[in-house]
>>> print(open('model-v1.txt').read())   # compact mmCIF, C-alpha atoms
# COMPACT_ATOMS: atom_id res chain seq x y z
CA MET A 105 -43.86 -186.54 -49.62
CA ARG A 106 -46.32 -186.42 -46.75
CA PRO A 107 -48.16 -183.34 -45.52
CA HIS A 108 -47.39 -181.86 -42.15
CA GLY A 109 -49.80 -182.40 -39.29
CA PRO A 110 -51.00 -179.49 -37.15
CA ARG A 111 -48.26 -177.33 -35.72
CA GLY A 112 -46.61 -179.71 -33.31
CA ASP A 113 -50.00 -180.79 -31.90
CA ARG A 114 -49.11 -184.47 -31.61
CA LEU A 115 -46.01 -183.80 -29.54
CA ARG A 116 -47.52 -181.03 -27.43
CA ASP A 117 -50.73 -182.95 -26.67
CA ALA A 118 -48.81 -186.06 -25.70
CA LEU A 119 -46.42 -184.10 -23.54
CA THR A 120 -49.26 -182.26 -21.78
CA ALA A 121 -51.20 -185.46 -21.18
CA HIS A 122 -48.38 -187.57 -19.87
CA GLY A 123 -45.80 -185.17 -18.41
CA LEU A 124 -42.89 -186.71 -16.52
CA LEU A 125 -43.23 -190.49 -16.60
CA LEU A 126 -40.91 -193.41 -16.19
CA VAL A 127 -38.57 -194.04 -19.13
CA VAL A 128 -40.32 -197.22 -20.22
CA LEU A 129 -43.74 -195.59 -20.31
CA VAL A 130 -42.43 -192.47 -22.01
CA THR A 131 -40.79 -194.58 -24.67
CA ALA A 132 -44.05 -196.36 -25.39
CA ILE A 133 -45.85 -193.04 -25.72
CA VAL A 134 -43.16 -191.62 -27.99
CA PHE A 135 -43.75 -194.35 -30.56
CA THR A 136 -47.38 -193.21 -30.86
CA LEU A 137 -46.64 -189.52 -31.33
CA VAL A 138 -45.87 -189.62 -35.03
CA THR A 139 -48.19 -191.39 -37.46
CA PRO A 140 -46.38 -194.16 -39.32
CA ALA A 141 -45.21 -193.11 -42.75
CA ALA A 142 -47.14 -195.86 -44.48
CA ALA A 143 -50.42 -194.50 -43.10
CA ARG A 144 -49.97 -191.05 -44.65
CA THR A 145 -50.60 -189.92 -48.18
CA ALA A 146 -49.43 -186.72 -49.78
CA PRO A 147 -48.84 -184.88 -53.01
CA ARG A 148 -45.54 -185.72 -54.62
CA PRO A 149 -44.43 -182.70 -56.65
CA GLY A 150 -41.78 -184.54 -58.62
CA GLY A 151 -39.46 -187.31 -57.51
CA ALA A 152 -35.81 -187.07 -56.65
CA GLY A 153 -34.61 -188.15 -60.07
CA PRO A 154 -31.04 -189.31 -60.75
CA VAL A 155 -28.25 -187.60 -58.81
CA GLU A 156 -24.61 -187.65 -59.84
CA GLY A 157 -22.84 -190.01 -57.46
CA PRO A 158 -22.97 -193.65 -56.37
CA PRO A 159 -26.15 -195.62 -57.12
CA LEU A 160 -28.66 -195.34 -54.29
CA GLY A 161 -29.50 -198.63 -52.60
CA THR A 162 -32.57 -197.28 -50.82
CA PRO A 163 -35.84 -198.02 -52.68
CA PRO A 164 -37.21 -194.71 -54.04
CA ASP A 165 -40.68 -195.29 -52.60
CA ARG A 166 -39.24 -195.83 -49.12
CA ALA A 167 -37.14 -192.68 -49.34
CA ALA A 168 -40.12 -190.69 -50.65
CA ALA A 169 -42.33 -191.92 -47.80
CA ALA A 170 -39.79 -190.65 -45.28
CA LEU A 171 -39.97 -187.08 -46.62
CA ASP A 172 -42.62 -184.83 -45.05
CA CYS A 173 -43.50 -181.52 -46.73
CA PRO A 174 -46.46 -179.15 -46.37
CA ALA A 175 -49.63 -179.70 -48.38
CA GLY A 176 -49.56 -177.59 -51.50
CA PHE A 177 -45.77 -177.49 -51.46
CA PRO A 178 -44.16 -175.33 -52.72
CA ARG A 179 -45.93 -172.15 -51.61
CA SER A 180 -43.11 -169.81 -50.58
CA GLN A 181 -40.74 -167.86 -52.77
CA ARG A 182 -38.01 -168.50 -50.21
CA GLU A 183 -35.60 -171.40 -50.50
CA PRO A 184 -37.16 -174.54 -49.02
CA VAL A 185 -35.71 -175.78 -45.75
CA LEU A 186 -34.99 -179.42 -44.93
CA LEU A 187 -34.66 -180.30 -41.23
CA VAL A 188 -32.56 -183.39 -40.44
CA HIS A 189 -32.91 -184.94 -36.99
CA GLY A 190 -30.35 -186.45 -34.66
CA THR A 191 -29.70 -189.83 -33.06
CA GLY A 192 -32.44 -191.79 -31.33
CA VAL A 193 -35.36 -189.55 -32.28
CA ASP A 194 -37.50 -188.84 -35.30
CA ALA A 195 -38.36 -185.63 -37.09
CA GLY A 196 -41.41 -184.95 -34.93
CA LEU A 197 -39.55 -185.21 -31.65
CA ASN A 198 -36.62 -183.16 -32.89
CA TRP A 199 -38.40 -180.41 -34.83
CA SER A 200 -42.21 -180.26 -34.53
CA TRP A 201 -42.21 -178.10 -31.39
CA ASN A 202 -39.47 -175.61 -32.33
CA TYR A 203 -37.86 -175.00 -35.73
CA ALA A 204 -40.60 -176.38 -37.97
CA PRO A 205 -43.41 -174.08 -36.77
CA ALA A 206 -41.10 -171.12 -36.16
CA LEU A 207 -39.63 -171.24 -39.68
CA ARG A 208 -43.07 -171.72 -41.23
CA ASP A 209 -44.22 -168.61 -39.37
CA GLN A 210 -41.35 -166.73 -41.05
CA GLY A 211 -42.56 -167.76 -44.48
CA TYR A 212 -40.43 -170.82 -45.21
CA ASP A 213 -41.63 -174.08 -46.73
CA VAL A 214 -40.28 -176.58 -44.20
CA CYS A 215 -39.76 -180.27 -44.89
CA THR A 216 -38.48 -182.99 -42.59
CA VAL A 217 -37.07 -186.44 -43.19
CA ASP A 218 -37.47 -189.47 -40.91
CA LEU A 219 -34.27 -191.50 -41.00
CA PRO A 220 -34.47 -195.29 -40.62
CA GLY A 221 -34.14 -196.80 -37.14
CA ARG A 222 -34.32 -193.35 -35.59
CA SER A 223 -30.87 -192.76 -36.98
CA THR A 224 -29.24 -195.48 -34.91
CA GLY A 225 -28.15 -197.62 -37.87
CA ASP A 226 -25.47 -197.24 -40.53
CA ILE A 227 -25.08 -193.52 -41.28
CA GLN A 228 -24.13 -194.41 -44.85
CA GLU A 229 -27.63 -195.84 -45.31
CA SER A 230 -29.49 -193.02 -43.60
CA SER A 231 -27.56 -190.48 -45.66
CA GLU A 232 -29.23 -191.84 -48.79
CA TYR A 233 -32.57 -190.59 -47.43
CA VAL A 234 -31.04 -187.13 -47.21
CA VAL A 235 -29.73 -187.40 -50.77
CA HIS A 236 -33.24 -188.21 -51.95
CA ALA A 237 -34.82 -185.46 -49.84
CA VAL A 238 -32.53 -182.70 -51.09
CA ALA A 239 -32.99 -183.74 -54.72
CA ALA A 240 -36.77 -183.95 -54.29
CA LEU A 241 -36.94 -180.43 -52.79
CA HIS A 242 -34.82 -179.04 -55.59
CA ASN A 243 -36.85 -180.75 -58.29
CA ALA A 244 -40.14 -179.61 -56.72
CA THR A 245 -39.17 -175.95 -56.38
CA GLY A 246 -36.45 -175.32 -58.94
CA ARG A 247 -34.49 -173.65 -56.16
CA ARG A 248 -31.55 -174.63 -54.01
CA ALA A 249 -32.53 -176.00 -50.62
CA ASP A 250 -31.29 -174.99 -47.18
CA VAL A 251 -30.53 -177.71 -44.65
CA VAL A 252 -30.64 -177.35 -40.86
CA ALA A 253 -29.32 -180.44 -39.08
CA HIS A 254 -29.05 -181.31 -35.41
CA SER A 255 -26.33 -183.55 -34.01
CA GLN A 256 -25.82 -186.65 -36.20
CA GLY A 257 -28.00 -185.02 -38.86
CA GLY A 258 -25.05 -182.81 -39.77
CA LEU A 259 -23.01 -185.91 -40.62
CA GLN A 260 -25.72 -187.17 -42.99
CA ILE A 261 -25.82 -184.00 -45.06
CA ARG A 262 -22.03 -183.78 -45.13
CA TRP A 263 -21.75 -187.41 -46.25
CA ALA A 264 -24.34 -186.76 -48.93
CA LEU A 265 -22.57 -183.67 -50.27
CA THR A 266 -19.17 -185.37 -50.10
CA TRP A 267 -20.02 -188.45 -52.13
CA TRP A 268 -22.92 -187.20 -54.30
CA PRO A 269 -21.39 -184.18 -56.08
CA GLY A 270 -24.61 -183.71 -58.03
CA LEU A 271 -26.24 -182.41 -54.83
CA ARG A 272 -23.86 -179.49 -54.40
CA ASP A 273 -25.67 -177.24 -56.84
CA MET A 274 -28.96 -178.11 -55.12
CA VAL A 275 -27.98 -176.79 -51.67
CA ASP A 276 -27.40 -173.18 -50.64
CA ASP A 277 -26.85 -173.35 -46.88
CA VAL A 278 -26.02 -176.08 -44.38
CA VAL A 279 -26.48 -175.12 -40.74
CA SER A 280 -25.27 -177.78 -38.29
CA LEU A 281 -26.25 -177.63 -34.63
CA GLY A 282 -23.95 -179.59 -32.30
CA THR A 283 -22.68 -182.07 -34.90
CA PRO A 284 -19.76 -184.35 -33.85
CA GLU A 285 -17.78 -183.63 -37.00
CA HIS A 286 -14.68 -185.40 -35.65
CA GLY A 287 -16.35 -187.84 -33.26
CA THR A 288 -17.41 -187.64 -29.66
CA ALA A 289 -16.00 -189.21 -26.53
CA ALA A 290 -19.36 -189.18 -24.77
CA GLY A 291 -20.71 -192.37 -26.31
CA GLU A 292 -17.48 -194.34 -26.48
CA PRO A 293 -18.03 -196.25 -23.19
CA LEU A 294 -21.26 -197.62 -24.68
CA CYS A 295 -19.28 -199.34 -27.40
CA ALA A 296 -17.04 -201.24 -25.00
CA LEU A 297 -19.82 -203.80 -25.56
CA PRO A 298 -21.74 -204.28 -28.80
CA CYS A 299 -23.56 -201.05 -29.65
CA ALA A 300 -25.60 -199.39 -32.39
CA ALA A 301 -23.88 -198.93 -35.74
CA ALA A 302 -24.17 -195.14 -35.65
CA ALA A 303 -22.55 -195.06 -32.19
CA HIS A 304 -19.54 -196.90 -33.60
CA GLN A 305 -19.34 -194.50 -36.53
CA MET A 306 -19.42 -191.43 -34.26
CA ARG A 307 -16.52 -192.64 -32.15
CA ARG A 308 -13.31 -190.69 -32.53
CA GLY A 309 -11.04 -192.37 -35.04
CA SER A 310 -13.80 -194.36 -36.76
CA ALA A 311 -13.32 -195.35 -40.39
CA PHE A 312 -16.51 -193.48 -41.24
CA LEU A 313 -15.20 -190.18 -39.85
CA ALA A 314 -11.76 -190.74 -41.35
CA ALA A 315 -13.34 -191.09 -44.79
CA LEU A 316 -15.62 -188.10 -44.24
CA ASN A 317 -12.75 -185.86 -43.14
CA SER A 318 -10.13 -187.11 -45.60
CA GLY A 319 -10.84 -184.47 -48.23
CA ASP A 320 -12.66 -181.17 -48.55
CA ARG A 321 -14.68 -180.69 -45.35
CA THR A 322 -17.04 -178.19 -47.02
CA PRO A 323 -17.47 -179.30 -50.63
CA GLY A 324 -19.22 -177.25 -53.27
CA ALA A 325 -20.44 -173.66 -53.44
CA VAL A 326 -22.41 -174.23 -50.25
CA SER A 327 -22.38 -171.90 -47.23
CA TYR A 328 -21.59 -173.94 -44.12
CA THR A 329 -22.36 -172.75 -40.59
CA SER A 330 -21.56 -174.86 -37.54
CA ILE A 331 -23.12 -173.72 -34.26
CA TYR A 332 -22.22 -175.44 -31.02
CA SER A 333 -22.06 -174.96 -27.26
CA ARG A 334 -19.25 -175.25 -24.75
CA HIS A 335 -21.80 -176.78 -22.36
CA ASP A 336 -22.67 -179.68 -24.67
CA LEU A 337 -22.21 -182.97 -22.80
CA VAL A 338 -23.08 -185.11 -25.83
CA VAL A 339 -20.54 -183.69 -28.28
CA VAL A 340 -17.33 -184.01 -26.26
CA PRO A 341 -15.05 -182.16 -26.57
CA TYR A 342 -17.26 -179.41 -27.92
CA ARG A 343 -14.58 -178.33 -30.42
CA THR A 344 -15.25 -181.49 -32.39
CA ALA A 345 -18.27 -179.62 -33.81
CA ALA A 346 -16.01 -177.18 -35.68
CA LYS A 347 -14.96 -177.96 -39.25
CA ASP A 348 -12.46 -176.44 -41.60
CA GLY A 349 -14.01 -174.14 -44.19
CA ALA A 350 -17.20 -173.46 -42.22
CA ARG A 351 -18.24 -170.47 -40.13
CA ASN A 352 -17.77 -171.97 -36.68
CA ILE A 353 -19.72 -170.27 -33.89
CA ALA A 354 -19.72 -171.21 -30.22
CA VAL A 355 -22.85 -169.80 -28.59
CA GLN A 356 -20.75 -168.55 -25.68
CA GLU A 357 -18.61 -166.49 -28.04
CA VAL A 358 -21.76 -164.54 -28.83
CA CYS A 359 -23.50 -164.51 -25.44
CA GLY A 360 -20.90 -165.10 -22.75
CA ALA A 361 -21.76 -167.95 -20.40
CA ARG A 362 -25.14 -168.73 -21.99
CA PRO A 363 -26.09 -172.20 -20.65
CA VAL A 364 -27.03 -174.07 -23.82
CA THR A 365 -27.10 -177.88 -23.70
CA HIS A 366 -27.11 -180.33 -26.60
CA ILE A 367 -30.91 -180.34 -26.79
CA GLY A 368 -30.83 -176.64 -25.97
CA LEU A 369 -29.38 -176.01 -29.42
CA VAL A 370 -32.82 -176.69 -30.93
CA HIS A 371 -34.75 -174.34 -28.67
CA ASP A 372 -32.33 -171.51 -27.87
CA SER A 373 -33.33 -168.15 -29.38
CA VAL A 374 -29.80 -166.96 -30.19
CA VAL A 375 -29.01 -170.21 -32.00
CA PHE A 376 -32.26 -169.83 -33.94
CA ARG A 377 -31.42 -166.23 -34.86
CA LEU A 378 -28.03 -167.34 -36.14
CA ALA A 379 -29.61 -170.12 -38.19
CA VAL A 380 -32.16 -167.75 -39.73
CA ASP A 381 -29.37 -165.25 -40.46
CA ALA A 382 -27.62 -167.95 -42.49
CA LEU A 383 -30.81 -168.96 -44.32
CA SER A 384 -31.94 -165.45 -45.16
CA ARG A 385 -28.67 -163.82 -46.26
CA PRO A 386 -25.85 -164.73 -48.65
CA GLY A 387 -23.06 -166.74 -47.05
CA PRO A 388 -22.92 -168.32 -43.60
CA ALA A 389 -24.30 -166.85 -40.37
CA ASP A 390 -22.63 -163.72 -39.02
CA PRO A 391 -23.10 -162.99 -35.30
CA ARG A 392 -22.38 -159.31 -35.96
CA ARG A 393 -25.74 -159.05 -37.70
CA LEU A 394 -27.72 -160.08 -34.62
CA PRO A 395 -29.84 -157.27 -33.19
CA ALA A 396 -28.70 -155.49 -30.05
CA GLY A 397 -30.03 -157.23 -26.97
CA ALA A 398 -30.39 -160.61 -28.68
CA CYS A 399 -28.68 -162.27 -25.73
CA LEU A 400 -31.11 -160.69 -23.24
CA GLY A 401 -34.42 -161.27 -24.99
CA HIS A 402 -36.79 -164.25 -24.95
CA PRO A 403 -34.53 -167.27 -24.36
CA HIS A 404 -36.30 -169.73 -26.64
CA VAL A 405 -37.28 -170.16 -30.28
CA PRO A 406 -40.36 -168.04 -31.12
CA GLY A 407 -43.49 -169.83 -29.96
CA VAL A 408 -41.61 -172.00 -27.43
CA GLY A 409 -42.03 -171.40 -23.72
CA ALA A 410 -40.21 -172.66 -20.65
CA LEU A 411 -42.85 -175.33 -19.99
CA ASP A 412 -42.57 -176.58 -23.57
CA VAL A 413 -38.83 -177.06 -23.03
CA VAL A 414 -39.35 -178.98 -19.78
CA ARG A 415 -41.97 -181.23 -21.32
CA ALA A 416 -40.02 -181.87 -24.51
CA THR A 417 -36.81 -182.63 -22.65
CA ALA A 418 -38.68 -185.12 -20.48
CA VAL A 419 -39.65 -187.05 -23.60
CA VAL A 420 -36.78 -186.55 -26.03
CA ILE A 421 -33.88 -187.59 -23.81
CA PRO A 422 -35.46 -190.88 -22.60
CA ALA A 423 -36.64 -191.63 -26.12
CA ALA A 424 -33.16 -191.23 -27.54
CA ALA A 425 -31.64 -193.35 -24.79
CA ALA A 426 -34.25 -196.06 -25.31
CA ALA A 427 -33.72 -196.08 -29.08
CA LEU A 428 -29.98 -196.56 -28.66
CA ALA A 429 -30.50 -199.27 -26.02
CA THR A 430 -32.91 -201.26 -28.20
CA ALA A 431 -31.27 -200.74 -31.60
CA PRO A 432 -29.57 -203.69 -33.33
CA ARG A 433 -26.05 -203.97 -31.97
CA THR A 434 -22.76 -204.83 -33.57
CA VAL A 435 -19.24 -205.40 -32.27
CA GLN A 436 -17.72 -203.09 -34.88
CA GLU A 437 -18.73 -200.30 -37.21
CA PRO A 438 -20.21 -201.16 -40.60
CA PRO A 439 -17.65 -201.45 -43.40
CA LEU A 440 -17.21 -198.44 -45.61
CA ARG A 441 -19.19 -198.52 -48.81
CA PRO A 442 -16.97 -199.14 -51.86
CA TYR A 443 -17.29 -195.56 -53.10
CA ALA A 444 -15.84 -194.25 -49.81
CA ALA A 445 -13.31 -197.02 -49.23
CA ARG A 446 -11.59 -196.60 -52.57
CA ASN A 447 -11.22 -192.84 -52.10
CA ARG A 448 -9.50 -192.99 -48.73
>>> encode(input="model-v1.txt", output="structure tokens")
Amino acid sequence: MRPHGPRGDRLRDALTAHGLLLVVLVTAIVFTLVTPAAARTAPRPGGAGPVEGPPLGTPPDRAAAALDCPAGFPRSQREPVLLVHGTGVDAGLNWSWNYAPALRDQGYDVCTVDLPGRSTGDIQESSEYVVHAVAALHNATGRRADVVAHSQGGLQIRWALTWWPGLRDMVDDVVSLGTPEHGTAAGEPLCALPCAAAAHQMRRGSAFLAALNSGDRTPGAVSYTSIYSRHDLVVVPYRTAAKDGARNIAVQEVCGARPVTHIGLVHDSVVFRLAVDALSRPGPADPRRLPAGACLGHPHVPGVGALDVVRATAVVIPAAAAALATAPRTVQEPPLRPYAARNR
């Protein structure tokens, strides 16, 4: 595990210094925002240990290096929170300016995991990093972990809980923000030509999604909350973010025509309140518990201002597009791993 850096300083400083630049230049800057894993050292309060399920092919030291937890972890008596990022970005770009500092300010130990290839490769491989991360948090704290996942990140934790049953007693809550549980039409034109493995797997009708959705969509005694927006142009149609057995919440069902985009799901204040409601109470999120006036208050996650949103959006969107454009490409999705193929 690696210690956190200052509260989002790398991202904020870079965004302030460079502002709105051309995509190529922004992409170059983005790759300097987060210190490479190999250059960091950190306390390791216990490894992941064996987990009931298929053997992990990812080297343990590589999976451990991808996990970033606060120095002195654990410190809080709350359940630890693992943040899982989406496609084309890393943990710093997805979380360092919003959920990570905001949850720490509320007393949570917050860990992040950097998935290989900025989560553009085989989701079956990147899910193994999540398996390791959840087990490591549980072993370090003796408590069940909570997982908040954006976009593709929700598929990783679901895949992990589906095929590694030993994880189910290690997780209390899973909160997914804009996850294409049944595939998205938005990226399908990209795969008319060779495209990134993860893009193939997130297409509607992919073998990966068929295997994921072939059985229990919400395995284990885990509380599942899926939050999504009708204005999401990445997860199309937006209803693909709903899953059987979960508490499914469209932001607009809570706050009318609230204009929340795909990236808006990680900085909107109502979404954050719903996520914290799930983490802090038994069971999934319940919109009825939101305070009166929640829809009319500060629009962003605590500590995030309008300028932060503009700056972050100017970096995150081009970075994700560049990562997908430069990722290794394939003409078809990766084959299912044997453990998934034989259970279809």
>>> atom_distance(input="model-v1.txt", atom1="atom CA of Val374 of chain A", atom2="atom CA of Gly282 of chain A")
14.1 Å
>>> closest_residue(input="model-v1.txt", among="A:Gly211, A:Pro269, A:Gly287, A:Gly258", to="Val340 of chain A", atoms="only C-alpha atoms")
A:Gly287
>>> closest_residue(input="model-v1.txt", among="A:Ala418, A:Val238, A:Ala426, A:Leu313", to="Pro154 of chain A", atoms="all atoms listed in the file")
A:Val238
>>> atom_distance(input="model-v1.txt", atom1="atom CA of Gln260 of chain A", atom2="atom CA of Glu156 of chain A")
16.9 Å
>>> closest_residue(input="model-v1.txt", among="A:Met306, A:Ala264, A:Leu411, A:Ala425", to="Ala444 of chain A", atoms="only C-alpha atoms")
A:Ala264
>>> residues_around(input="model-v1.txt", residues="Ala424 of chain A", least_positions_apart="2", cutoff="7 Å", atoms="all atoms listed in the file", output="list in words")
Thr191, Gly192, Val193, Val420, Ile421, Pro422, Ala426, Ala427 and Leu428 of chain A
>>> atom_distance(input="model-v1.txt", atom1="atom CA of His366 of chain A", atom2="atom CA of Ser230 of chain A")
21.3 Å
>>> residues_near_point(input="model-v1.txt", point="(-20.0, -179.7, -33.3)", cutoff="9 Å", atoms="all atoms listed in the file", output="PyMOL selection string")
chain A and resi 255+258+280-287+330-333+339-347+352
>>> write_last_selection(input="model-v1.txt", atoms="C-alpha atoms", output="tab-separated table (two decimals), keeping the file's coordinate frame")
chain	number	residue	atom	x	y	z
A	255	SER	CA	-26.33	-183.55	-34.01
A	258	GLY	CA	-25.05	-182.81	-39.77
A	280	SER	CA	-25.27	-177.78	-38.29
A	281	LEU	CA	-26.25	-177.63	-34.63
A	282	GLY	CA	-23.95	-179.59	-32.30
A	283	THR	CA	-22.68	-182.07	-34.90
A	284	PRO	CA	-19.76	-184.35	-33.85
A	285	GLU	CA	-17.78	-183.63	-37.00
A	286	HIS	CA	-14.68	-185.40	-35.65
A	287	GLY	CA	-16.35	-187.84	-33.26
A	330	SER	CA	-21.56	-174.86	-37.54
A	331	ILE	CA	-23.12	-173.72	-34.26
A	332	TYR	CA	-22.22	-175.44	-31.02
A	333	SER	CA	-22.06	-174.96	-27.26
A	339	VAL	CA	-20.54	-183.69	-28.28
A	340	VAL	CA	-17.33	-184.01	-26.26
A	341	PRO	CA	-15.05	-182.16	-26.57
A	342	TYR	CA	-17.26	-179.41	-27.92
A	343	ARG	CA	-14.58	-178.33	-30.42
A	344	THR	CA	-15.25	-181.49	-32.39
A	345	ALA	CA	-18.27	-179.62	-33.81
A	346	ALA	CA	-16.01	-177.18	-35.68
A	347	LYS	CA	-14.96	-177.96	-39.25
A	352	ASN	CA	-17.77	-171.97	-36.68
>>> residues_near_point(input="model-v1.txt", point="(-16.7, -173.6, -54.0)", cutoff="12 Å", atoms="all atoms listed in the file", output="list in words")
Pro269, Arg272, Asp273, Val275, Asp276, Asp320, Arg321, Thr322, Pro323, Gly324, Ala325, Val326, Ser327, Tyr328, Gly349, Ala350 and Gly387 of chain A
>>> closest_residue(input="model-v1.txt", among="A:Leu265, A:Arg248, A:Ala237, A:Asp213", to="Gly157 of chain A", atoms="only C-alpha atoms")
A:Leu265
>>> closest_residue(input="model-v1.txt", among="A:Gly407, A:Pro293, A:Gly319, A:Pro386", to="Trp263 of chain A", atoms="only C-alpha atoms")
A:Gly319
>>> closest_residue(input="model-v1.txt", among="A:Val435, A:Ala239, A:Ala195, A:Ala244", to="Ala170 of chain A", atoms="all atoms listed in the file")
A:Ala195
>>> residues_around(input="model-v1.txt", residues="Ala289 of chain A", least_positions_apart="3", cutoff="7 Å", atoms="only C-alpha atoms", output="PDB file with C-alpha atoms, in the frame of the given file")
ATOM      1  CA  GLU A 292     -17.480-194.340 -26.480  1.00  0.00           C
ATOM      2  CA  ARG A 307     -16.520-192.640 -32.150  1.00  0.00           C
ATOM      3  CA  ARG A 308     -13.310-190.690 -32.530  1.00  0.00           C
ATOM      4  CA  VAL A 340     -17.330-184.010 -26.260  1.00  0.00           C
TER       5      VAL A 340
END
>>> residues_around(input="model-v1.txt", residues="Leu378 of chain A", least_positions_apart="4", cutoff="7 Å", atoms="all atoms listed in the file", output="JSON list (two decimals) with C-alpha atoms, in the coordinates of the input")
[["chain", "number", "residue", "atom", "x", "y", "z"],
["A", 374, "VAL", "CA", -29.80, -166.96, -30.19],
["A", 382, "ALA", "CA", -27.62, -167.95, -42.49],
["A", 389, "ALA", "CA", -24.30, -166.85, -40.37],
["A", 391, "PRO", "CA", -23.10, -162.99, -35.30]]
>>> residues_around(input="model-v1.txt", residues="Glu183 of chain A", least_positions_apart="2", cutoff="9 Å", atoms="only C-alpha atoms", output="CSV table (one decimal) with C-alpha atoms, in the frame of the given file")
chain,number,residue,atom,x,y,z
A,180,SER,CA,-43.1,-169.8,-50.6
A,181,GLN,CA,-40.7,-167.9,-52.8
A,185,VAL,CA,-35.7,-175.8,-45.8
A,212,TYR,CA,-40.4,-170.8,-45.2
A,213,ASP,CA,-41.6,-174.1,-46.7
A,245,THR,CA,-39.2,-176.0,-56.4
A,247,ARG,CA,-34.5,-173.6,-56.2
A,248,ARG,CA,-31.6,-174.6,-54.0
A,249,ALA,CA,-32.5,-176.0,-50.6
A,250,ASP,CA,-31.3,-175.0,-47.2
A,276,ASP,CA,-27.4,-173.2,-50.6
A,383,LEU,CA,-30.8,-169.0,-44.3
A,384,SER,CA,-31.9,-165.4,-45.2
>>> residues_around(input="model-v1.txt", residues="Gln436 of chain A", least_positions_apart="2", cutoff="8 Å", atoms="only C-alpha atoms", output="tab-separated table (two decimals) with C-alpha atoms, in the frame of the given file")
chain	number	residue	atom	x	y	z
A	298	PRO	CA	-21.74	-204.28	-28.80
A	301	ALA	CA	-23.88	-198.93	-35.74
A	304	HIS	CA	-19.54	-196.90	-33.60
A	434	THR	CA	-22.76	-204.83	-33.57
A	438	PRO	CA	-20.21	-201.16	-40.60
>>> decode(input="model-v1.txt", residues="segment 251-264 of chain A", atoms="C-alpha atoms", output="short mmCIF file (atom, residue, chain, number, x, y, z; two decimals), in the first residue's frame")
data_model
loop_
_atom_site.label_atom_id
_atom_site.label_comp_id
_atom_site.auth_asym_id
_atom_site.auth_seq_id
_atom_site.Cartn_x
_atom_site.Cartn_y
_atom_site.Cartn_z
CA VAL A 251 -16.59 0.23 -2.23
CA VAL A 252 -17.51 3.31 -4.27
CA ALA A 253 -16.97 2.79 -7.99
CA HIS A 254 -17.39 5.10 -10.96
CA SER A 255 -18.36 3.88 -14.41
CA GLN A 256 -16.37 0.76 -15.39
CA GLY A 257 -15.18 0.50 -11.79
CA GLY A 258 -18.59 -0.88 -10.87
CA LEU A 259 -18.04 -3.79 -13.26
CA GLN A 260 -14.73 -4.67 -11.61
CA ILE A 261 -16.18 -4.96 -8.13
CA ARG A 262 -19.18 -6.92 -9.42
CA TRP A 263 -16.91 -9.31 -11.32
CA ALA A 264 -14.80 -9.74 -8.21
#
